[in-house]
$ cat upload15.cif   # mmCIF, C-alpha atoms
data_work
#
loop_
_atom_site.label_atom_id
_atom_site.label_comp_id
_atom_site.auth_asym_id
_atom_site.auth_seq_id
_atom_site.Cartn_x
_atom_site.Cartn_y
_atom_site.Cartn_z
CA MET T 275 7.87 -55.91 45.56
CA LYS T 276 8.59 -54.05 48.79
CA TYR T 277 10.52 -55.83 51.52
CA ARG T 278 10.58 -54.89 55.20
CA HIS T 279 13.14 -55.38 57.92
CA GLU T 280 12.26 -57.75 60.72
CA TRP T 281 13.73 -58.59 64.13
CA LYS T 282 12.52 -61.44 66.31
CA HIS T 283 13.47 -62.07 69.94
CA GLU T 284 12.35 -64.74 72.37
CA ILE T 285 11.86 -62.88 75.66
CA SER T 286 10.94 -63.58 79.27
CA PHE T 287 7.70 -62.66 81.02
CA GLY T 288 9.56 -59.92 82.91
CA ASP T 289 10.88 -58.55 79.60
CA MET T 290 7.34 -58.46 78.25
CA LEU T 291 6.11 -56.43 81.22
CA ALA T 292 8.97 -53.95 80.79
CA LEU T 293 8.42 -53.63 77.04
CA ARG T 294 4.69 -53.17 77.49
CA GLN T 295 5.35 -50.26 79.83
CA ARG T 296 7.92 -48.62 77.53
CA LEU T 297 5.90 -49.04 74.36
CA SER T 298 2.70 -47.70 75.89
CA VAL T 299 4.52 -44.38 76.42
CA ILE T 300 6.13 -43.89 73.00
CA ALA T 301 3.95 -45.86 70.56
CA LYS T 302 0.24 -46.23 69.83
CA ARG T 303 -1.89 -49.31 69.95
CA ASP T 304 -2.70 -50.56 66.48
CA ALA T 305 -6.02 -48.94 65.52
CA HIS T 306 -7.00 -52.08 63.57
CA ALA T 307 -7.00 -54.15 66.77
CA ALA T 308 -10.31 -54.40 68.60
CA GLY T 309 -8.59 -54.01 71.98
CA PRO T 310 -5.16 -54.11 73.60
CA ALA T 311 -4.63 -57.64 72.27
CA TYR T 312 -6.27 -60.00 69.82
CA GLU T 313 -6.27 -63.70 69.01
CA VAL T 314 -4.63 -65.06 65.87
CA ARG T 315 -5.28 -68.47 64.34
CA SER T 316 -3.24 -69.67 61.36
CA LEU T 317 -3.15 -72.83 59.29
CA TYR T 318 0.33 -73.42 57.88
CA PHE T 319 1.24 -75.38 54.75
CA ASP T 320 4.25 -77.58 54.15
CA SER T 321 5.46 -80.32 51.82
CA PRO T 322 5.67 -84.07 52.63
CA SER T 323 9.40 -83.53 53.26
CA ASP T 324 8.73 -80.50 55.52
CA LYS T 325 10.47 -78.11 53.13
CA ALA T 326 9.29 -74.92 54.90
CA LEU T 327 10.24 -76.28 58.31
CA ARG T 328 13.67 -77.51 57.22
CA GLU T 329 14.53 -74.28 55.43
CA LYS T 330 13.63 -72.28 58.54
CA ILE T 331 15.68 -74.49 60.87
CA GLU T 332 18.65 -74.55 58.46
CA GLY T 333 18.56 -70.78 57.98
CA VAL T 334 18.06 -70.79 54.20
CA SER T 335 18.31 -67.13 53.24
CA VAL T 336 15.65 -67.16 50.49
CA ARG T 337 12.45 -68.99 51.39
CA GLU T 338 8.67 -68.71 51.55
CA LYS T 339 5.69 -70.14 53.40
CA PHE T 340 1.93 -70.13 52.94
CA ARG T 341 -0.73 -69.84 55.64
CA ILE T 342 -4.42 -69.07 56.07
CA ARG T 343 -5.25 -66.71 58.93
CA PHE T 344 -8.15 -65.10 60.79
CA TYR T 345 -8.48 -63.01 63.94
CA ASN T 346 -10.54 -63.07 67.15
CA TRP T 347 -12.47 -66.12 65.95
CA ASP T 348 -14.12 -63.99 63.25
CA THR T 349 -14.38 -66.24 60.19
CA SER T 350 -16.01 -63.51 58.09
CA PHE T 351 -12.51 -62.13 57.37
CA ILE T 352 -10.02 -64.82 56.36
CA ARG T 353 -6.81 -64.27 54.43
CA LEU T 354 -4.45 -66.47 52.48
CA GLU T 355 -0.92 -65.18 53.01
CA LYS T 356 2.44 -65.89 51.42
CA LYS T 357 5.41 -64.68 53.45
CA SER T 358 8.73 -64.44 51.62
CA LYS T 359 12.17 -63.95 53.18
CA ALA T 360 15.25 -62.83 51.27
CA HIS T 361 18.57 -62.19 53.02
CA GLY T 362 16.97 -61.00 56.26
CA LEU T 363 14.20 -58.93 54.65
CA CYS T 364 10.55 -59.99 54.50
CA HIS T 365 7.60 -59.44 52.19
CA LYS T 366 3.97 -60.51 52.56
CA GLU T 367 1.27 -60.99 49.93
CA SER T 368 -2.34 -61.70 50.86
CA ALA T 369 -5.74 -62.44 49.35
CA LEU T 370 -9.16 -62.64 50.95
CA LEU T 371 -10.84 -66.03 51.15
CA ALA T 372 -14.52 -66.83 51.59
CA ARG T 373 -15.24 -69.08 54.54
CA TRP T 374 -16.21 -71.96 52.26
CA GLN T 375 -12.92 -71.64 50.38
CA ALA T 376 -10.86 -71.82 53.58
CA GLN T 377 -12.94 -74.76 54.80
CA ALA T 378 -12.54 -76.57 51.48
CA ILE T 379 -8.76 -76.22 51.57
CA ALA T 380 -8.61 -77.38 55.20
CA LEU T 381 -10.69 -80.46 54.31
CA GLY T 382 -8.64 -81.32 51.20
CA ASP T 383 -10.92 -80.08 48.39
CA TYR T 384 -8.66 -78.23 45.93
CA SER T 385 -10.50 -78.85 42.63
CA TRP T 386 -11.98 -75.34 42.46
CA MET T 387 -8.72 -73.45 43.06
CA PRO T 388 -7.44 -73.15 39.44
CA GLN T 389 -10.70 -71.40 38.44
CA SER T 390 -10.78 -69.03 41.44
CA GLY T 391 -9.42 -66.05 39.51
CA VAL T 392 -7.20 -65.17 42.50
CA PRO T 393 -3.48 -65.13 41.56
CA LEU T 394 -2.26 -66.08 45.03
CA LEU T 395 -4.67 -69.03 45.18
CA ALA T 396 -3.50 -70.11 41.75
CA GLU T 397 0.12 -69.95 42.94
CA LEU T 398 -0.69 -72.00 46.03
CA TYR T 399 -2.46 -74.58 43.87
CA ALA T 400 0.53 -74.78 41.51
CA LYS T 401 2.85 -75.41 44.44
CA MET T 402 0.46 -77.98 45.87
CA ALA T 403 0.81 -79.77 42.55
CA SER T 404 4.58 -79.32 42.14
CA GLN T 405 5.82 -79.47 45.76
CA GLY T 406 3.01 -81.39 47.45
CA LEU T 407 2.14 -78.50 49.76
CA ARG T 408 -0.73 -79.37 52.10
CA PRO T 409 -2.21 -77.92 55.30
CA LYS T 410 0.10 -79.08 58.08
CA THR T 411 -0.84 -77.64 61.48
CA ILE T 412 -2.76 -74.95 63.36
CA VAL T 413 -0.89 -72.21 65.22
CA ASP T 414 -2.77 -70.07 67.78
CA TYR T 415 -1.46 -67.12 69.80
CA THR T 416 -2.34 -63.83 71.46
CA ARG T 417 -0.84 -60.66 69.98
CA GLU T 418 -0.35 -57.16 71.43
CA PRO T 419 0.39 -54.68 68.59
CA TYR T 420 2.04 -51.25 68.75
CA VAL T 421 2.69 -48.88 65.86
CA TYR T 422 5.04 -45.93 65.39
CA PRO T 423 4.43 -43.99 62.14
CA PRO T 424 8.01 -42.78 61.41
CA GLY T 425 9.62 -45.70 59.62
CA ASN T 426 6.24 -47.49 59.47
CA VAL T 427 7.25 -49.45 62.56
CA ARG T 428 5.13 -52.22 64.02
CA VAL T 429 6.09 -53.90 67.28
CA THR T 430 4.21 -56.94 68.53
CA LEU T 431 4.30 -59.10 71.64
CA ASP T 432 3.10 -62.64 70.94
CA TYR T 433 2.34 -65.12 73.71
CA ARG T 434 0.09 -68.04 74.69
CA ILE T 435 1.35 -69.83 71.59
CA ARG T 436 -0.50 -73.11 71.02
CA THR T 437 -0.20 -75.87 68.46
CA GLY T 438 -2.87 -77.97 66.83
CA LEU T 439 -0.30 -80.77 66.44
CA LEU T 440 -1.17 -82.20 63.02
CA GLY T 441 -4.78 -81.01 63.14
CA THR T 442 -6.02 -78.87 60.23
CA ASP T 443 -9.70 -78.28 61.07
CA PHE T 444 -8.85 -74.71 61.93
CA LEU T 445 -12.34 -73.22 61.51
CA ASN T 446 -13.57 -75.46 64.31
CA PRO T 447 -13.28 -73.48 67.59
CA SER T 448 -13.37 -76.75 69.55
CA CYS T 449 -10.37 -78.36 67.84
CA VAL T 450 -7.75 -79.45 70.35
CA THR T 451 -4.61 -77.30 70.76
CA ILE T 452 -1.86 -77.54 73.37
CA PRO T 453 0.84 -75.06 74.52
CA ALA T 454 3.99 -74.90 72.41
CA ILE T 455 7.04 -76.31 74.17
CA GLY T 456 8.50 -73.80 76.60
CA SER T 457 5.50 -71.43 76.35
CA PRO T 458 7.62 -68.88 74.42
CA ILE T 459 6.96 -65.13 74.32
CA ILE T 460 8.06 -63.42 71.13
CA LEU T 461 8.94 -59.80 70.44
CA GLU T 462 8.74 -58.86 66.75
CA VAL T 463 9.87 -55.52 65.31
CA LYS T 464 9.17 -54.66 61.65
CA TRP T 465 10.01 -51.48 59.76
CA ASP T 466 10.62 -50.06 56.29
CA GLU T 467 13.73 -48.02 55.42
CA PHE T 468 14.79 -46.97 58.93
CA LEU T 469 14.18 -47.86 62.57
CA PRO T 470 13.88 -44.72 64.74
CA ASP T 471 16.32 -44.56 67.65
CA ILE T 472 13.49 -44.16 70.16
CA ILE T 473 12.10 -47.57 69.15
CA ARG T 474 15.54 -49.15 68.84
CA ASP T 475 16.34 -48.05 72.39
CA ALA T 476 12.95 -49.12 73.75
CA VAL T 477 13.23 -52.70 72.51
CA GLN T 478 16.82 -53.25 73.62
CA LEU T 479 17.02 -56.03 76.19
CA THR T 480 20.25 -57.22 77.74
CA SER T 481 18.90 -60.74 78.22
CA CYS T 482 18.19 -61.62 74.58
CA ARG T 483 19.57 -61.43 71.06
CA THR T 484 18.00 -61.41 67.61
CA SER T 485 17.01 -64.97 66.75
CA ALA T 486 15.46 -66.98 63.95
CA PHE T 487 12.50 -68.01 66.10
CA SER T 488 9.51 -69.35 64.21
CA LYS T 489 6.10 -69.92 65.77
CA TYR T 490 5.46 -72.51 63.08
CA ALA T 491 8.67 -74.38 63.91
CA ALA T 492 7.90 -74.21 67.65
CA CYS T 493 4.46 -75.68 66.99
CA ARG T 494 5.96 -78.53 64.95
CA ALA T 495 8.15 -79.68 67.83
CA TYR T 496 5.68 -82.47 68.61
CA GLY T 497 5.71 -83.81 65.08
#

$ encode --input "upload15.cif" --output "structure tokens"
Amino acid sequence: MKYRHEWKHEISFGDMLALRQRLSVIAKRDAHAAGPAYEVRSLYFDSPSDKALREKIEGVSVREKFRIRFYNWDTSFIRLEKKSKAHGLCHKESALLARWQAQAIALGDYSWMPQSGVPLLAELYAKMASQGLRPKTIVDYTREPYVYPPGNVRVTLDYRIRTGLLGTDFLNPSCVTIPAIGSPIILEVKWDEFLPDIIRDAVQLTSCRTSAFSKYAACRAYG
């Protein structure tokens, strides 16, 4: 299991403009993105006692969370993801879902999951049974991605973060979402064994420090 380093900063609009200018000179746009930015929609899972939320807020050093995600409103490519954190490092596992599978989970039909033949789906089902994990809320945002091959660095600027409150009908493009409190803008930096100095210098901002910001936690502020 390979873990990656991750920094997160909440930044200002002015910071974002400065970073966009710096990164456009030294890094490349992510070739997997259809344009300079793309839309992300996720459906996050949590337990009745909000285990994932509480562990994030309390800074538990070893934790995990599950989500279902698609991009640019294209429901032909949907992924189930499990993101694990261990002592400041992160690891992500993913599995493709058919649209009907994602819709079934969002609507509360889990009976087919043990026979899916997909290990990550089987793990999610087991934790639904043991921990009571269920779809909790929708999280939407716009992402600008930059990549720098040395160190396998990926830098993203995330903004226009919106919450579906307690809504889970995430394949419905008309479901109601509202801006997260404070309309945060998030800088994320991820890398493997080393972070090149040119990237480290480019993302340095005097107005912010590394934080434990979570888009999921921000989108749960309303309940």

$ residues_around --input "upload15.cif" --residues "Val450 (chain T)" --least-positions-apart "5" --cutoff "10 Å" --atoms "all atoms listed in the file" --output "list in words"
Ile412, Arg436, Thr437, Gly438, Leu439, Gly441, Asp443 and Phe444 of chain T

$ resolve_selection --input "upload15.cif" --expression "the PyMOL selection byres ((chain T and resi 460-474) around 9)" --output "PyMOL selection string"
chain T and resi 276-286+290+297+300-301+422+424-433+458-459+475-478+487+489

$ residues_around --input "upload15.cif" --residues "region 389-397 of chain T" --least-positions-apart "2" --cutoff "12 Å" --atoms "all atoms listed in the file" --output "NGL selection string"
:T and (339-342 or 353-357 or 366-372 or 375-376 or 379 or 384-387 or 399-405 or 407)

$ closest_residue --input "upload15.cif" --among "T:Asp383, T:Asp348, T:Glu332, T:Glu418" --to "Ser488 (chain T)" --atoms "all atoms listed in the file"
T:Glu332

$ resolve_selection --input "upload15.cif" --expression "the PyMOL selection byres ((chain T and resi 346) around 9)" --output "list of chain:residue names"
T:Ala308, T:Tyr312, T:Glu313, T:Val314, T:Arg315, T:Phe344, T:Tyr345, T:Trp347, T:Asp348, T:Thr349

$ atom_distance --input "upload15.cif" --atom1 "CA of His365 (chain T)" --atom2 "CA of Ser335 (chain T)"
13.2 Å

$ closest_residue --input "upload15.cif" --among "T:Phe319, T:Tyr420, T:Trp374, T:Phe287" --to "Arg408 (chain T)" --atoms "only C-alpha atoms"
T:Phe319

$ atom_distance --input "upload15.cif" --atom1 "CA of Gly362 (chain T)" --atom2 "CA of Ala326 (chain T)"
16.0 Å

$ atom_distance --input "upload15.cif" --atom1 "CA of Ser316 (chain T)" --atom2 "CA of Val413 (chain T)"
5.2 Å

$ resolve_selection --input "upload15.cif" --expression "the PyMOL selection byres ((chain T and resi 455) around 12)" --output "compact mmCIF listing (two decimals) with C-alpha atoms, in the frame of the given file"
# COMPACT_ATOMS: atom_id res chain seq x y z
CA ARG T 434 0.09 -68.04 74.69
CA ILE T 435 1.35 -69.83 71.59
CA ARG T 436 -0.50 -73.11 71.02
CA THR T 437 -0.20 -75.87 68.46
CA LEU T 439 -0.30 -80.77 66.44
CA ILE T 452 -1.86 -77.54 73.37
CA PRO T 453 0.84 -75.06 74.52
CA ALA T 454 3.99 -74.90 72.41
CA GLY T 456 8.50 -73.80 76.60
CA SER T 457 5.50 -71.43 76.35
CA PRO T 458 7.62 -68.88 74.42
CA ILE T 459 6.96 -65.13 74.32
CA LYS T 489 6.10 -69.92 65.77
CA TYR T 490 5.46 -72.51 63.08
CA ALA T 491 8.67 -74.38 63.91
CA ALA T 492 7.90 -74.21 67.65
CA CYS T 493 4.46 -75.68 66.99
CA ARG T 494 5.96 -78.53 64.95
CA ALA T 495 8.15 -79.68 67.83
CA TYR T 496 5.68 -82.47 68.61
CA GLY T 497 5.71 -83.81 65.08

$ closest_residue --input "upload15.cif" --among "T:Leu327, T:Ala311, T:Ala378, T:Leu479" --to "Thr416 (chain T)" --atoms "only C-alpha atoms"
T:Ala311

$ closest_residue --input "upload15.cif" --among "T:Arg373, T:Lys410, T:Lys330, T:Arg417" --to "Ser350 (chain T)" --atoms "all atoms listed in the file"
T:Arg373

$ residues_around --input "upload15.cif" --residues "Ser358 (chain T)" --least-positions-apart "5" --cutoff "6 Å" --atoms "only C-alpha atoms" --output "JSON, numbers by chain"
{"T": [337, 338, 364, 365]}

$ closest_residue --input "upload15.cif" --among "T:Leu398, T:Val421, T:Leu445, T:Val336" --to "Ala307 (chain T)" --atoms "all atoms listed in the file"
T:Val421

$ closest_residue --input "upload15.cif" --among "T:Leu363, T:Val334, T:Ile352, T:Leu317" --to "Ala380 (chain T)" --atoms "all atoms listed in the file"
T:Leu317
